There are 2 protein chains.
Amino acid sequence: MTDTLDPKARIEAMGQRARKAARAAAKAPSALKDDALERMAAKLLENVERIAAANREDLEAGRAEGLSGAFLDRLALTEPVLARMAEGVRQIAKLEDPVGAVRDVKPRPSGILVGKMRVPLGVVAMIYESRPNVTIDAAALAVKSGNALILRGGHEAIRSNRVLADIVREALVEAGLPADVVQFIDNPDRALVGELIRARDWVDVLVPRGGKGLVARLTAEATVPMIKHLDGICHTYVDRDADLKMAVRVVDNAKTQRYSPCNATETLLVHEAIAFDFLPEIARIFHDKNVEMRCDALSRRIVEGVGMSAIDATEADWDTEYNAPVIAIKTVASLDEAIDFIETHGSHHTDAIITENRTSTERFLREVDSASVMVNASTRFADGFEYGLGAEIGISTDKIHVRGPVGLEGLTNEKWIVLGHGEGRS
Amino acid sequence: MTDTLDPKARIEAMGQRARKAARAAAKAPSALKDDALERMAAKLLENVERIAAANREDLEAGRAEGLSGAFLDRLALTEPVLARMAEGVRQIAKLEDPVGAVRDVKPRPSGILVGKMRVPLGVVAMIYESRPNVTIDAAALAVKSGNALILRGGHEAIRSNRVLADIVREALVEAGLPADVVQFIDNPDRALVGELIRARDWVDVLVPRGGKGLVARLTAEATVPMIKHLDGICHTYVDRDADLKMAVRVVDNAKTQRYSPCNATETLLVHEAIAFDFLPEIARIFHDKNVEMRCDALSRRIVEGVGMSAIDATEADWDTEYNAPVIAIKTVASLDEAIDFIETHGSHHTDAIITENRTSTERFLREVDSASVMVNASTRFADGFEYGLGAEIGISTDKIHVRGPVGLEGLTNEKWIVLGHGEGRS
């Protein structure tokens, strides 16, 4: 029995099954993968009651555990939620298959042709918290990109995730793929996570999805490479050469369109030459929307000067991701100071400049080292759907492999192909 | 004094300097970086005696330590070696600058334009063993790709590396770049390596270059992402539909052109349908070149049947990188068995098929999950220069970021750029 194995042996057994399944997934034709996804979507709708029953048990246990209402909301799998999940799977089925694409095949002086072929990463492990829809999202993206997947969800959703994973596996088998293309760690033992994040022989990449605490903990301990997102401290810088009407509109959207997402602007930088014209306008909007303004001395003076309230920002404010109706505001004397500030306090997620100046645009685009760098647009656009990826498994703030929104391409890589005619090296 | 700091604080201090220097390197125009490289090359030739003096001390200490002749050979910086190093730097200066290239800028339904820009990774740390030429290679590639570099070489070359790093830093300053674009850890304390490989705040990627022991040790402990190469267990599979004359020529080259490189073929797989025709031909060549043949039962029978000597392969032979005049030989009943064998025993480095069959070609290219997959070509071609990269910092057998030969592009990544006109998200 698997259950009697120690955590290391359990992860190894899952890893071996995943490796084998990954080979089947990697060579599966697009039609077969899409058939599996269509079956997955259909089964979600056919099994509403079966899923709801398991979900009710999770919700009851959650209530007994004293989980918050917001937490329980995220946990709930209602019929509309399941319908949206099924629709998401069907959208992924319609995306172009990235696997097998060949590009840039070119002759070399030796006579060989050298090019690149896009291939799956292999075995992906996903560690996530309460939302059980991640189980389906991740499974659909893994199948479409030809990878095998090991899922580890939060214990609060374990009954829901178990049923969702079963449904995914049933769909895979009916389509003719191994069930083990998607495996679910059906055991809340935390030692399994410890083994999973160090299982370099079996897992090619780790995708954590959850709160900052989870990601930070895994990052400190993992030796398996990760695609991860730690902080979203996004800036919008209003340059001295900004179109101020545009600046008001874009900054309003970047901060207030939604407060909780990681791509919402948390810090507003304003060139002091236009601060007296710009800040009163935006401050009125923030005031009306009850957005708390935490300001440096000059910006506080300007905001209060037109009768709105503001408080002093502390050093900690410059490094804080609020995910709430709070904004830090700072005036700067130059583009250089703005870029320095972003490089010092930002999280390499998404930062924007509002300007009409060509040189400022080019410098900001080149010198701000963030996954998404924007000109005259709301930071809220940093999103796989808005960028045209068709789906998103997360947003990476890492420097290697993939930066920003991660779609199907982020779950693949390119290998070299060499087409020869009997050449040897001399 | 830096010297009184503990290892963690020392790495942190270097990391902070590297971060700052990385920003200057990232925004440096191509002409400035190339000027630094030209100065570096010139200084290598102008400082032959200064370098040789330090190198002599390393060689004397190495002899006293009892290092092998081969080791001391690799350590020696003779005038021709320095001339080759300078020429390598000049070639890197001539390569196209990858930084700042923008591609695929496309409009989205929201009105924004979304594209990608190639940017440096940031801070690269290189940990390497005896060859001091790596100091120069790595510095030149880091400068050209706009990264900052932290170097940690072996203690046997510390005096040579110190002088080489000084020369690099002098060239940087003369060209107008910060000296700290390239830093050298001038202290043999191994605790510094332990800190460096876990310095996620300061180091973006780790590139180990050295023996398997070094890389395996670092891999087990590092939490900084790595670009690395562990094993080079390369296969050549001679298919039933191979052109046998071509197969003999390619396999001979793949095994015997040089024995020590990681891309030399270590295991020969032969379809049993052509084994009786093919093996006697290649066995004669191996016999004449004193290549030891370690065979499965059938291939041994065939080889001995034509009067050549062979020995039985053990299970361990299928998983061994010889880097020597030894080859493991196995017959297989099908393409599937060949692919299974490579996936089970290979190291995802480089594997080749010799065949005239179209379907076998396509299946092998797609299903063999190696950094380089070849048809009718010698595995020895897996090399940055042969692929047209112009330079090579190493070969990656990892699955994420970059696979196979790593050139300038492997030391960069792409970020998203968004060009708007005042759009907000709805």
# chains A, B, ... in the order shown; residues from 1 in each chain; ligands from 1
>>> interface_residues(of="chain B", to="chain A", cutoff="6 Å", atoms="only C-alpha atoms", output="list in words")
Leu121, Thr223, Met246, Val250, Asn253, Ala371, Ser372, Val373, Met374, Val375, Asn376, Ala377, Ser378, Lys399, Ile400, His401, Arg403, Lys415, Trp416, Ile417, Val418, Leu419, Gly420, His421, Gly422, Glu423 and Gly424 of chain B
>>> write_last_selection(atoms="C-alpha atoms", output="compact mmCIF listing (two decimals), in the first residue's frame")
# COMPACT_ATOMS: atom_id res chain seq x y z
CA LEU B 121 19.21 38.71 -16.37
CA THR B 223 18.27 27.97 -3.97
CA MET B 246 26.76 7.07 -43.35
CA VAL B 250 28.87 9.41 -38.18
CA ASN B 253 33.06 10.70 -35.55
CA ALA B 371 18.62 19.53 -25.24
CA SER B 372 19.90 18.59 -28.70
CA VAL B 373 18.25 15.93 -30.85
CA MET B 374 19.94 15.08 -34.14
CA VAL B 375 19.30 13.19 -37.34
CA ASN B 376 22.19 11.84 -39.42
CA ALA B 377 24.77 13.98 -37.66
CA SER B 378 27.49 13.46 -35.09
CA LYS B 399 14.51 21.87 -18.64
CA ILE B 400 13.73 25.52 -17.97
CA HIS B 401 15.10 28.81 -19.34
CA ARG B 403 18.56 24.07 -23.10
CA LYS B 415 10.21 41.23 -20.52
CA TRP B 416 6.83 42.46 -21.69
CA ILE B 417 6.41 45.99 -22.95
CA VAL B 418 3.02 47.65 -23.22
CA LEU B 419 2.57 50.79 -25.33
CA GLY B 420 -0.70 52.52 -24.55
CA HIS B 421 -2.52 55.72 -25.38
CA GLY B 422 -4.18 56.31 -22.05
CA GLU B 423 -6.06 53.00 -21.87
CA GLY B 424 -7.51 51.68 -18.62
>>> residues_around(residues="Ile302 in chain B", least_positions_apart="6", cutoff="8 Å", atoms="only C-alpha atoms", output="PyMOL selection string")
chain B and resi 275-276+279-280
>>> select_by_dssp(residues="range 176-305 of chain B", states="alpha helix (DSSP H)", output="ChimeraX atom specification")
/B:191-196,212-221,244-256,272-288,297-305
>>> residues_around(residues="Glu87 in chain A", least_positions_apart="4", cutoff="8 Å", atoms="only C-alpha atoms", output="compact mmCIF listing (two decimals) with N, CA and C atoms, in the first residue's frame")
# COMPACT_ATOMS: atom_id res chain seq x y z
N ALA A 41 -14.41 19.28 -19.61
CA ALA A 41 -15.42 20.34 -19.50
C ALA A 41 -16.82 19.73 -19.36
N ALA A 83 -19.69 26.16 -14.15
CA ALA A 83 -19.93 26.48 -15.56
C ALA A 83 -18.78 27.34 -16.10
N GLN A 91 -12.02 26.98 -23.58
CA GLN A 91 -11.19 28.02 -24.21
C GLN A 91 -9.75 27.55 -24.38
>>> residues_around(residues="Arg152 in chain B", least_positions_apart="5", cutoff="10 Å", atoms="only C-alpha atoms", output="list in words")
Ala125, Met126, Ile127, Tyr128, Glu129, Thr135, Ile158, Asn161, Gln183, Phe184, Ile185, Asp186, Asn187, Pro188, Leu192, Val193, Leu196 and Pro208 of chain B
>>> atom_distance(atom1="CA of Ala191 in chain B", atom2="CA of Val203 in chain B")
16.2 Å
>>> residues_around(residues="Ile51 in chain A", least_positions_apart="5", cutoff="12 Å", atoms="only C-alpha atoms", output="list in words")
Lys43, Leu44, Leu45, Glu46, Arg56, Glu57, Asp58, Ala76, Leu77, Thr78, Glu79, Val81, Leu82, Pro132, Asn133, Ala157, Ile158, Arg159, Ser160, Asn161, Arg162, Val163, Leu164, Ala165, Asp166 and Ile167 of chain A
>>> write_last_selection(atoms="N, CA and C atoms", output="compact mmCIF listing (two decimals), in the first residue's frame")
# COMPACT_ATOMS: atom_id res chain seq x y z
N LYS A 43 -17.67 16.80 -18.29
CA LYS A 43 -17.81 16.09 -17.03
C LYS A 43 -18.02 17.04 -15.85
N LEU A 44 -17.45 18.21 -15.91
CA LEU A 44 -17.67 19.18 -14.83
C LEU A 44 -19.15 19.51 -14.74
N LEU A 45 -19.79 19.65 -15.90
CA LEU A 45 -21.21 20.00 -15.92
C LEU A 45 -22.10 18.80 -15.59
N GLU A 46 -21.65 17.60 -16.00
CA GLU A 46 -22.44 16.39 -15.72
C GLU A 46 -22.36 16.00 -14.25
N ARG A 56 -19.58 20.63 -0.21
CA ARG A 56 -20.32 20.92 1.03
C ARG A 56 -19.57 20.42 2.25
N GLU A 57 -18.97 19.24 2.14
CA GLU A 57 -18.19 18.70 3.27
C GLU A 57 -17.00 19.62 3.60
N ASP A 58 -16.33 20.11 2.54
CA ASP A 58 -15.22 21.05 2.78
C ASP A 58 -15.73 22.32 3.46
N ALA A 76 -16.18 27.87 -2.33
CA ALA A 76 -17.48 27.33 -2.77
C ALA A 76 -17.52 27.05 -4.27
N LEU A 77 -17.95 25.85 -4.63
CA LEU A 77 -18.12 25.46 -6.03
C LEU A 77 -19.61 25.42 -6.36
N THR A 78 -20.14 26.57 -6.69
CA THR A 78 -21.56 26.64 -7.07
C THR A 78 -21.68 26.27 -8.55
N GLU A 79 -22.92 26.09 -9.01
CA GLU A 79 -23.12 25.72 -10.42
C GLU A 79 -22.55 26.78 -11.38
N VAL A 81 -20.05 28.75 -10.84
CA VAL A 81 -18.59 28.64 -10.77
C VAL A 81 -18.12 27.47 -11.63
N LEU A 82 -18.82 26.34 -11.52
CA LEU A 82 -18.44 25.16 -12.31
C LEU A 82 -18.62 25.43 -13.81
N PRO A 132 -10.41 25.82 -5.30
CA PRO A 132 -10.33 24.53 -6.00
C PRO A 132 -10.39 24.68 -7.53
N ASN A 133 -10.80 25.86 -8.04
CA ASN A 133 -10.79 26.01 -9.50
C ASN A 133 -9.38 25.91 -10.08
N ALA A 157 -9.62 22.36 1.01
CA ALA A 157 -10.38 22.01 -0.20
C ALA A 157 -10.15 20.57 -0.61
N ILE A 158 -9.63 19.76 0.31
CA ILE A 158 -9.13 18.45 -0.12
C ILE A 158 -10.23 17.56 -0.70
N ARG A 159 -11.44 17.64 -0.15
CA ARG A 159 -12.52 16.77 -0.67
C ARG A 159 -12.97 17.24 -2.05
N SER A 160 -13.08 18.54 -2.22
CA SER A 160 -13.45 19.09 -3.53
C SER A 160 -12.37 18.77 -4.57
N ASN A 161 -11.11 19.00 -4.19
CA ASN A 161 -10.02 18.76 -5.14
C ASN A 161 -9.92 17.29 -5.53
N ARG A 162 -10.20 16.41 -4.57
CA ARG A 162 -10.14 14.97 -4.84
C ARG A 162 -11.13 14.61 -5.94
N VAL A 163 -12.36 15.12 -5.82
CA VAL A 163 -13.38 14.81 -6.83
C VAL A 163 -13.01 15.45 -8.17
N LEU A 164 -12.54 16.70 -8.13
CA LEU A 164 -12.15 17.37 -9.38
C LEU A 164 -11.01 16.62 -10.07
N ALA A 165 -10.04 16.17 -9.29
CA ALA A 165 -8.92 15.42 -9.88
C ALA A 165 -9.41 14.09 -10.44
N ASP A 166 -10.34 13.44 -9.74
CA ASP A 166 -10.91 12.18 -10.26
C ASP A 166 -11.57 12.42 -11.62
N ILE A 167 -12.32 13.50 -11.71
CA ILE A 167 -13.02 13.82 -12.96
C ILE A 167 -12.01 14.07 -14.09
>>> residues_around(residues="Leu37 in chain A", least_positions_apart="6", cutoff="10 Å", atoms="only C-alpha atoms", output="PyMOL selection string")
chain A and resi 31+43+86+89-94+139-141+143-144+168+171-172+175
>>> atom_distance(atom1="CA of Asp6 in chain B", atom2="CA of Ile197 in chain B")
15.7 Å
